[in-house]
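As structure tokens, the structure follows; a few thoughts come after it.
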Amino acid sequence: MQDNESRWLALAQRGDPEGFTRLVELYQSPVYNLCYRMLNNAGDAEDAAQETFLRAYQSMKRYDNSRPFPTWLLSIAAHYCIDQIRKRRIAIVSMEDMPHIELADETPGPESTVSRREERGKVQGLLDTLSPIDRAAVVMYYWYEFSYEEIGQALDLTLSAVKSRLHRARQSMAEEWEKRNQQTQYATRENHGKVQSPAF
Amino acid sequence: MAKYNHQPFEDWVYSRETISPQEELALQEHLQECKNCLSLVEALHEVEVCLKSEPVLSPTPGFTARWQTRLAEKNTRRQKRQTVNFVLFTGVGGVALLALLVVFMWPIIRSPYPFLLAMVYEITLIYLFLTTFTQAGITVLRTMFSVVPGVVWVSVLITMGGLIALWLFAFQRLVYPRRVIV
């Protein structure tokens with residue numbers, strides 16, 4: 001795979017569209033996933049992923065071979081998504097309003113689908129509380145297992161800035177999670193009380 | 001609760017970096033006593049489990065084909081834009097040049113006769129000069145042909161031809177160097 005990637009990369013750098021098309025096939029999921037986690041919308045994510053590959057294709061001659069290609073590609077995607085978030089000022093979508101998108105690798109039953117959607121809703125809800133750059137850092141760290149250096153390279157941040165942003169993001173997500181858990185418990189107690197009330 | 005300083009413990013928890021055994025012990029002791037920090041640690045753990053269990057999402061099938069279509073559309077748009085820019089630039093440039101020409105030629109356009117007379121005079125002068133120059137050249141060549149023998153002319157022509165061929169060959173090698181395949 002690594003050999004193929006190098007060959008396609010070399011072809012793409014010489015301006016061969018076929019070589020770049022192979023790279024699109026290879027990296028479409030990581031790029032799309034990052035865009036989806038950043039933008040929280042399937043349509044916008046598709047658009048951003050397409051735009052990322054177009055920008056990468058146009059900048060292939062400027063690509064520095066000493067840098068890992070996925071880092072470079074995801075860096076373009078992250079910067080594009082950050083710009084989009086800033087431009088559109090996307091409102092935080094509540095968990096109930098989460099759009100449903102199909103997973104290519106799963107064929108779940110109804111219960112599993114609901115549970116999966118809830119899980120994804122929770123995750124997206126947490127990510128939405130973060131600033132765009134913190135969100136990109138979290139996605140790169142937890143989904144792609146990028147090192148702090150790689151995240152710094154991709155987002156044009158210093159090592160200490162990456163650490164500080166991840167620290168802040170973890171704290172924010174943990175606090176948000178706890179807050180939501182408390183709200184859920186409170187709502188459950190309320191419902192329980194309402195069910196009981198006719199008996200009194 | 002207020003008597004605890006939570007900051008170092010929170011830093012250790014959220015930085016996710018390796019801490020010393022002493023620090024680990026201090027953290028565990030703190031967590032046993034501080035419910036607030038304990039619940040945050042548990043929340044962070046649940047968040048991380050949730051994040052790591054989320055799959056990498058894939059786009060709907062046909063992503064690459066859609067990308068190729070988009071690339072083709074973008075290229076078409078770019079070509080159209082370039083054509084429009086070229087036409088605009090040429091048109092505006094042409095009109096500007098024409099306007100400039102009209103401004104400079106305006107005295108001539110208004111009264112063209114003195115200009116036409118001057119032109120006829122200049123053309124006649126050039127014609128006379130060329131005729132004289134040609135006559136002189138023909139005379140020189142005739143004299144040279146009668147003085148220099150034919151063998152010398154032939155050898156000069158061959159030498160010149162060889163030099164031109166050599167120059168052409170060198171130029172070709174310079175422009176199209178042989179490719180070295182590594």
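Ordering of the structure tokens sets the chain letters (A, B, ...); residue numbers start at 1 within each chain; ligands are numbered from 1 in the order shown.
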Non-local contacts of A:Glu150 (12 Å; only C-alpha atoms; under 3 positions in same chain excluded) as a list in words | Arg67, Pro68, Phe69, Pro70, Thr71, Trp72, Leu74, Ser75, Ala137, Met140, Tyr141, Tyr144, Glu145, Phe146, Ser147, Gln153, Ala154, Leu155, Asp156, Leu157, Thr158, Leu159, Val162 and Lys163 of chain A
Could you list the residues in chain A lying within 8 Å of chain B, using only C-alpha atoms, and format the result as an MDAnalysis selection string?
-> chainID A and resid 21 24:25 28:30 32:33 36 46 50 53:54 102:104 119:120 123 142:143 163:164 166:168 170:171 173:175 177:178
Find the distance between atom CA of A:Leu39 and atom CA of A:Ala136 and write it in Å to one decimal.
->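 Computing it gives 10.3 Å between the two atoms.
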Quick one: DSSP alpha helix (DSSP H) residues in stretch 1-193 of chain A, as a PyMOL selection string?
-> chain A and resi 2-13+17-39+42-58+69-88+110-128+132-142+148-155+159-193
Pick out the residues sitting within 8 Å of A:Leu23, and hand them over as a list of chain:residue names; count only C-alpha atoms, and ignore anything fewer than 3 positions along from it in its own chain.
-> A:Glu5, A:Trp8, A:Leu9, A:Gly19, A:Phe20, A:Leu26, A:Tyr27
Separating atom CA of A:Asp47 from atom CA of B:Glu73, to the nearest tenth of an Å, is a gap of 14.4 Å
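Counting only C-alpha atoms and comparing A:Val138, A:Met60, A:Ala187, A:Ala45, the residue that lies closest to A:Ala169 is A:Val138.
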